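Asker: Have a peek at run-v9.txt (compact mmCIF, C-alpha atoms).
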# COMPACT_ATOMS: atom_id res chain seq x y z
CA MET A 1 0.00 0.00 0.00
CA ILE A 2 1.13 3.57 -0.67
CA ASP A 3 0.63 6.49 1.69
CA SER A 4 0.20 9.13 -0.98
CA HIS A 5 0.67 12.15 1.31
CA CYS A 6 2.63 12.43 4.55
CA HIS A 7 5.10 14.82 6.17
CA LEU A 8 8.05 12.68 7.20
CA THR A 9 10.24 15.75 7.69
CA ASP A 10 8.05 16.89 10.56
CA PRO A 11 10.09 16.47 13.77
CA ARG A 12 7.40 14.26 15.27
CA LEU A 13 8.11 11.67 12.57
CA ARG A 14 11.69 12.47 11.59
CA SER A 15 12.89 11.97 15.16
CA GLN A 16 11.69 8.34 15.10
CA LEU A 17 11.87 7.67 11.38
CA ASP A 18 13.37 4.18 11.57
CA ASP A 19 10.56 3.04 13.85
CA VAL A 20 7.95 4.81 11.71
CA LEU A 21 9.18 3.02 8.60
CA ARG A 22 9.35 -0.32 10.40
CA ARG A 23 5.76 0.00 11.61
CA ALA A 24 4.66 0.99 8.11
CA ALA A 25 6.34 -2.10 6.63
CA ASP A 26 4.74 -4.28 9.30
CA ASN A 27 1.37 -3.03 8.02
CA ASN A 28 2.27 -3.59 4.35
CA VAL A 29 2.67 0.15 3.74
CA ASN A 30 5.82 -0.08 1.68
CA ARG A 31 5.90 3.24 -0.15
CA MET A 32 5.27 6.84 0.81
CA ILE A 33 5.18 10.27 -0.78
CA THR A 34 6.43 12.90 1.62
CA ILE A 35 5.54 16.54 1.02
CA GLY A 36 7.78 19.60 1.15
CA THR A 37 5.85 22.75 2.09
CA ASN A 38 8.49 25.45 1.56
CA VAL A 39 12.00 25.66 0.14
CA ALA A 40 13.78 24.49 3.29
CA ASP A 41 11.32 21.65 3.80
CA ALA A 42 11.63 20.70 0.13
CA ARG A 43 15.39 20.30 0.50
CA ASP A 44 14.89 18.19 3.63
CA ALA A 45 12.34 16.01 1.84
CA ILE A 46 14.71 15.38 -1.06
CA GLU A 47 17.53 14.50 1.33
CA LEU A 48 15.26 12.07 3.18
CA CYS A 49 14.26 10.42 -0.09
CA ARG A 50 17.89 9.95 -1.09
CA ALA A 51 18.37 7.82 2.01
CA HIS A 52 15.25 5.68 1.46
CA ALA A 53 14.50 4.07 -1.89
CA ASN A 54 10.81 3.56 -1.06
CA ILE A 55 10.09 7.25 -0.38
CA ARG A 56 9.46 9.90 -3.01
CA CYS A 57 8.33 13.50 -2.62
CA ALA A 58 6.29 16.39 -3.93
CA ILE A 59 7.62 19.88 -3.21
CA GLY A 60 6.03 23.29 -3.28
CA ILE A 61 4.95 26.31 -1.27
CA HIS A 62 1.99 25.66 1.03
CA PRO A 63 -0.56 28.50 1.14
CA ASN A 64 -0.19 28.87 4.89
CA TYR A 65 3.56 29.44 4.48
CA CYS A 66 3.55 31.73 1.47
CA GLN A 67 3.45 34.90 3.59
CA ASP A 68 7.08 34.22 4.50
CA ALA A 69 8.10 32.98 1.05
CA GLN A 70 10.58 34.98 -0.98
CA PRO A 71 10.10 36.14 -4.60
CA GLY A 72 12.69 33.66 -5.85
CA ASP A 73 11.28 30.63 -4.03
CA VAL A 74 9.17 29.42 -6.94
CA GLY A 75 12.32 29.51 -9.07
CA THR A 76 14.09 27.39 -6.47
CA ILE A 77 11.19 24.91 -6.47
CA ARG A 78 11.56 24.80 -10.24
CA GLN A 79 15.24 23.92 -9.98
CA LEU A 80 14.58 21.25 -7.37
CA GLN A 81 11.99 19.57 -9.60
CA SER A 82 14.92 18.06 -11.53
CA GLU A 83 15.99 16.03 -8.49
CA PRO A 84 15.24 12.32 -9.10
CA PRO A 85 13.03 11.76 -6.02
CA VAL A 86 10.64 14.62 -6.91
CA LEU A 87 7.36 13.58 -8.54
CA ALA A 88 5.13 16.66 -8.40
CA VAL A 89 4.67 20.31 -7.52
CA GLY A 90 2.92 21.07 -4.25
CA GLU A 91 1.31 21.11 -1.95
CA MET A 92 -0.10 24.41 -3.12
CA GLY A 93 -3.48 26.07 -3.12
CA LEU A 94 -5.80 28.22 -1.02
CA ASP A 95 -6.62 28.06 2.69
CA TYR A 96 -9.47 30.23 3.93
CA HIS A 97 -9.72 28.49 7.30
CA TYR A 98 -6.60 30.13 8.70
CA ASP A 99 -5.33 33.66 8.21
CA PHE A 100 -1.61 32.89 8.12
CA ALA A 101 -1.34 34.49 4.66
CA ASP A 102 -3.58 36.99 2.94
CA ARG A 103 -5.67 35.63 0.10
CA ALA A 104 -4.07 37.73 -2.63
CA ARG A 105 -0.62 36.42 -1.73
CA GLN A 106 -1.91 32.86 -1.56
CA ARG A 107 -3.34 33.24 -5.04
CA GLN A 108 -0.11 34.75 -6.35
CA PHE A 109 1.96 31.75 -5.27
CA PHE A 110 -0.75 29.30 -6.31
CA GLU A 111 -0.87 30.65 -9.85
CA ALA A 112 2.92 30.77 -10.11
CA GLN A 113 3.18 27.11 -9.13
CA LEU A 114 0.38 26.05 -11.47
CA ALA A 115 2.25 27.81 -14.27
CA LEU A 116 5.42 25.97 -13.26
CA ALA A 117 3.66 22.60 -13.23
CA THR A 118 2.14 23.32 -16.65
CA GLU A 119 5.55 24.25 -18.06
CA LEU A 120 7.25 21.15 -16.64
CA ARG A 121 4.26 18.86 -17.31
CA ARG A 122 4.13 17.76 -13.70
CA PRO A 123 1.12 16.79 -11.60
CA VAL A 124 0.13 18.98 -8.67
CA VAL A 125 -0.89 18.38 -5.07
CA ILE A 126 -3.66 20.76 -4.04
CA HIS A 127 -4.32 22.07 -0.55
CA CYS A 128 -7.86 23.42 -0.45
CA ARG A 129 -9.56 24.34 2.80
CA GLU A 130 -12.90 26.13 2.75
CA ALA A 131 -11.95 27.49 -0.68
CA ALA A 132 -13.21 24.97 -3.24
CA GLU A 133 -14.98 27.45 -5.50
CA ASP A 134 -12.00 29.81 -5.74
CA THR A 135 -9.49 26.97 -6.05
CA LEU A 136 -11.34 25.45 -8.99
CA ALA A 137 -11.75 28.88 -10.57
CA VAL A 138 -8.00 29.49 -10.45
CA MET A 139 -7.28 26.04 -11.85
CA ARG A 140 -9.58 26.60 -14.80
CA GLY A 141 -7.00 29.14 -15.94
CA PHE A 142 -4.50 26.29 -16.34
CA PRO A 143 -6.30 23.75 -18.54
CA ASN A 144 -3.13 21.88 -19.54
CA LEU A 145 -2.23 20.48 -16.13
CA THR A 146 -1.17 16.85 -16.43
CA GLY A 147 -3.04 15.89 -13.26
CA ALA A 148 -4.03 17.05 -9.79
CA VAL A 149 -5.11 15.60 -6.47
CA PHE A 150 -7.13 17.54 -3.91
CA HIS A 151 -5.35 16.09 -0.93
CA CYS A 152 -7.04 15.65 2.47
CA PHE A 153 -10.47 16.18 0.95
CA THR A 154 -12.98 17.11 3.66
CA GLY A 155 -15.56 18.96 1.59
CA SER A 156 -19.15 18.27 0.65
CA VAL A 157 -20.52 15.75 -1.82
CA SER A 158 -21.30 18.65 -4.14
CA GLU A 159 -17.68 19.84 -4.01
CA ALA A 160 -16.46 16.30 -4.61
CA ARG A 161 -18.62 16.09 -7.73
CA GLN A 162 -17.21 19.39 -9.02
CA ILE A 163 -13.62 18.26 -8.50
CA ILE A 164 -14.30 14.93 -10.17
CA ALA A 165 -16.03 16.66 -13.08
CA ALA A 166 -12.93 18.82 -13.54
CA GLY A 167 -10.89 15.65 -14.02
CA TYR A 168 -9.00 15.67 -10.73
CA TYR A 169 -8.35 13.10 -8.01
CA LEU A 170 -9.50 13.14 -4.37
CA GLY A 171 -7.22 12.12 -1.51
CA PHE A 172 -8.92 10.82 1.64
CA THR A 173 -7.33 10.85 5.11
CA GLY A 174 -8.28 9.69 8.57
CA ALA A 175 -11.09 12.23 8.53
CA VAL A 176 -13.15 9.77 6.47
CA THR A 177 -13.03 7.32 9.41
CA PHE A 178 -14.50 9.74 11.97
CA LYS A 179 -17.88 8.62 13.26
CA LYS A 180 -19.77 11.82 12.46
CA ASN A 181 -18.37 12.22 8.93
CA ASP A 182 -21.17 10.46 7.03
CA GLU A 183 -21.16 13.04 4.24
CA LEU A 184 -17.43 12.57 3.70
CA ARG A 185 -17.95 8.82 3.43
CA GLU A 186 -20.68 9.51 0.89
CA ALA A 187 -18.20 11.65 -1.05
CA ALA A 188 -15.82 8.69 -1.04
CA ARG A 189 -18.60 6.36 -2.13
CA ILE A 190 -19.40 8.43 -5.23
CA THR A 191 -15.75 8.99 -6.18
CA PRO A 192 -14.85 6.91 -9.26
CA ARG A 193 -12.49 4.14 -8.35
CA ASP A 194 -9.83 5.44 -10.70
CA ARG A 195 -9.84 8.88 -9.00
CA LEU A 196 -9.30 8.07 -5.32
CA LEU A 197 -6.10 8.04 -3.26
CA VAL A 198 -5.58 7.13 0.38
CA GLU A 199 -3.24 9.12 2.58
CA THR A 200 -2.48 9.93 6.19
CA ASP A 201 -1.36 13.59 6.03
CA SER A 202 0.67 12.43 9.03
CA PRO A 203 1.55 13.55 11.61
CA TYR A 204 -1.96 15.03 11.49
CA LEU A 205 -5.44 13.43 11.51
CA SER A 206 -4.96 10.08 13.18
CA PRO A 207 -7.80 7.82 12.01
CA GLU A 208 -10.20 5.69 13.97
CA PRO A 209 -9.39 3.52 15.86
CA MET A 210 -6.06 5.30 16.52
CA ARG A 211 -7.36 8.81 17.29
CA LYS A 212 -5.97 8.75 20.82
CA GLN A 213 -2.49 8.56 19.31
CA LYS A 214 -1.84 12.23 18.60
CA THR A 215 0.98 11.63 16.11
CA ASN A 216 -0.38 9.99 12.99
CA GLU A 217 1.98 7.93 10.83
CA PRO A 218 1.98 6.08 7.47
CA ALA A 219 1.19 2.70 9.05
CA PHE A 220 -2.28 4.01 9.85
CA VAL A 221 -3.23 4.54 6.21
CA VAL A 222 -4.59 0.98 6.31
CA HIS A 223 -7.46 2.25 8.48
CA VAL A 224 -8.34 4.85 5.84
CA ALA A 225 -8.22 2.15 3.18
CA GLN A 226 -10.43 -0.14 5.26
CA THR A 227 -13.08 2.57 5.54
CA ILE A 228 -12.98 3.04 1.77
CA ALA A 229 -13.32 -0.73 1.38
CA ASP A 230 -16.36 -0.72 3.64
CA VAL A 231 -17.94 2.17 1.75
CA TRP A 232 -17.32 0.56 -1.62
CA GLY A 233 -18.24 -2.93 -0.45
CA VAL A 234 -14.93 -4.46 -1.56
CA SER A 235 -11.95 -6.03 0.17
CA LEU A 236 -9.04 -4.12 1.67
CA GLU A 237 -6.81 -5.84 -0.85
CA GLU A 238 -8.90 -4.46 -3.70
CA VAL A 239 -8.62 -0.91 -2.35
CA ASP A 240 -4.88 -1.42 -2.04
CA ARG A 241 -4.67 -2.52 -5.66
CA ILE A 242 -6.86 0.28 -6.98
CA THR A 243 -5.24 3.11 -5.04
CA THR A 244 -1.74 1.88 -5.83
CA GLU A 245 -2.57 1.93 -9.53
CA ASN A 246 -3.99 5.44 -9.13
CA VAL A 247 -0.83 6.75 -7.46
CA ILE A 248 1.33 5.19 -10.17
CA ARG A 249 -0.85 6.76 -12.87
CA LEU A 250 -1.07 10.24 -11.36
CA PHE A 251 2.52 10.67 -10.26
CA GLY A 252 4.31 8.55 -12.85
CA LEU A 253 5.63 6.39 -10.03
CA THR A 254 7.26 3.21 -11.26
CA PRO A 255 5.77 -0.01 -9.88
CA ALA A 256 8.98 -0.64 -7.93
CA CYS A 257 9.13 2.98 -6.72
Render the structure in this file as structure tokens.

Answerer:
Amino acid sequence: MIDSHCHLTDPRLRSQLDDVLRRAADNNVNRMITIGTNVADARDAIELCRAHANIRCAIGIHPNYCQDAQPGDVGTIRQLQSEPPVLAVGEMGLDYHYDFADRARQRQFFEAQLALATELRRPVVIHCREAAEDTLAVMRGFPNLTGAVFHCFTGSVSEARQIIAAGYYLGFTGAVTFKKNDELREAARITPRDRLLVETDSPYLSPEPMRKQKTNEPAFVVHVAQTIADVWGVSLEEVDRITTENVIRLFGLTPAC
């Protein structure tokens, strides 16, 4: 199984990385995509990948960090895209839940990274929180994207349908396992099987039945996958097969990583 979105450079995971990777392997989670959220984090993610053949990365400027980003940072992200472990640009996007960065600046960096991904023909990882309408509107200005996943999708069924209609993927995290999230499970149910990814977004969003463990980790993606299996009425093994194929297709990941 592949955890399609995690943050292994976060100190909560990096400080115990050998144990994190061992527990992932014990749960048949053999590959991970770690995400760099600014230039410094991108460099750390690449370095981590160099030391572990089963880890790849996506790198970009997260909307919540773009207030501190420098004008040349998108150019640096462009240069780092040539590093062998890098598969995609992002995560990038719009976040209206927090006010860490003003919306105009978020949009500026979002558009610059979408232009970069279009130029390099790279897929993108989208961060979208309480901003689905504006995020999709911006993306319509870049019709030649090779692919995109709305990671950690927690929106409505209506928003899921819009994202699917636009041709993009949805990434589901531990949030889909939470007892009160029936609408999110319905969004997963109606997602075409060739458009769904499972992820942890660790160290955040520990799934049921591991919510008491504050630090999420890639091993727990199996609980997300099991919920998807329950919603779809298929086996865990079938969800593993489907989502692995989807990751390979979206990110151009080789079967052997």

Asker: Check the smallest atom-to-atom distance from each of A:Asn64, A:Thr34, A:Ser82, A:Ser4 to Phe110 of chain A using all atoms listed in the file, then report the winner.

Answerer: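 Checking each candidate against Phe110 of chain A, we get A:Asn64 as the closest.
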
Asker: Under the rule that only C-alpha atoms are counted, which of A:Gly72, A:Arg249, A:Leu205, A:Thr177 is the nearest residue to Val149 of chain A?

Answerer: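 Between A:Gly72, A:Arg249, A:Leu205, A:Thr177, the residue approaching Val149 of chain A most closely is A:Arg249.
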
Asker: I'd like the contact shell of Val157 of chain A - 10 Å cut-off, only C-alpha atoms, skipping same-chain residues fewer than 2 positions apart - returned as a VMD selection string.

Answerer: chain A and resid 154 to 155 159 to 163 183 to 191

Asker: Residues at most 12 Å from Pro84 of chain A, counting all atoms listed in the file, excluding those fewer than 6 positions away in the same chain, as a list in words?

Answerer: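 Near Pro84 of chain A, the qualifying residues are Ala45, Ile46, Glu47, Cys49, Arg50, Ala53, Ile55, Arg56, Cys57, Ala58, Leu253 and Cys257 of chain A.
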
Asker: Find, counting only C-alpha atoms, the residue in A:Met92, A:Ala115, A:Ser156, A:Lys212 that gets nearest to Cys128 of chain A.

Answerer: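 The answer is A:Met92, which sits nearest to Cys128 of chain A.
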
Asker: With a distance cut-off of 10 Å and all atoms listed in the file, select the neighbouring residues of Phe100 of chain A, excluding the residue or stretch itself and same-chain residues fewer than 3 positions from it, and output the selection as a PyMOL selection string.

Answerer: chain A and resi 63-68+95-97+103+106

Asker: Of the candidates A:Ala69, A:Cys6, A:Val176, A:Met210, which shows the shortest atom-to-atom distance to Ile228 of chain A, using only C-alpha atoms?

Answerer: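 Ranked by minimum distance to Ile228 of chain A, first place goes to A:Val176.
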
Asker: Give me, please, the distance in Å between atom CA of Val224 of chain A and atom CA of Gly174 of chain A, quoted to one decimal.

Answerer: 5.6 Å
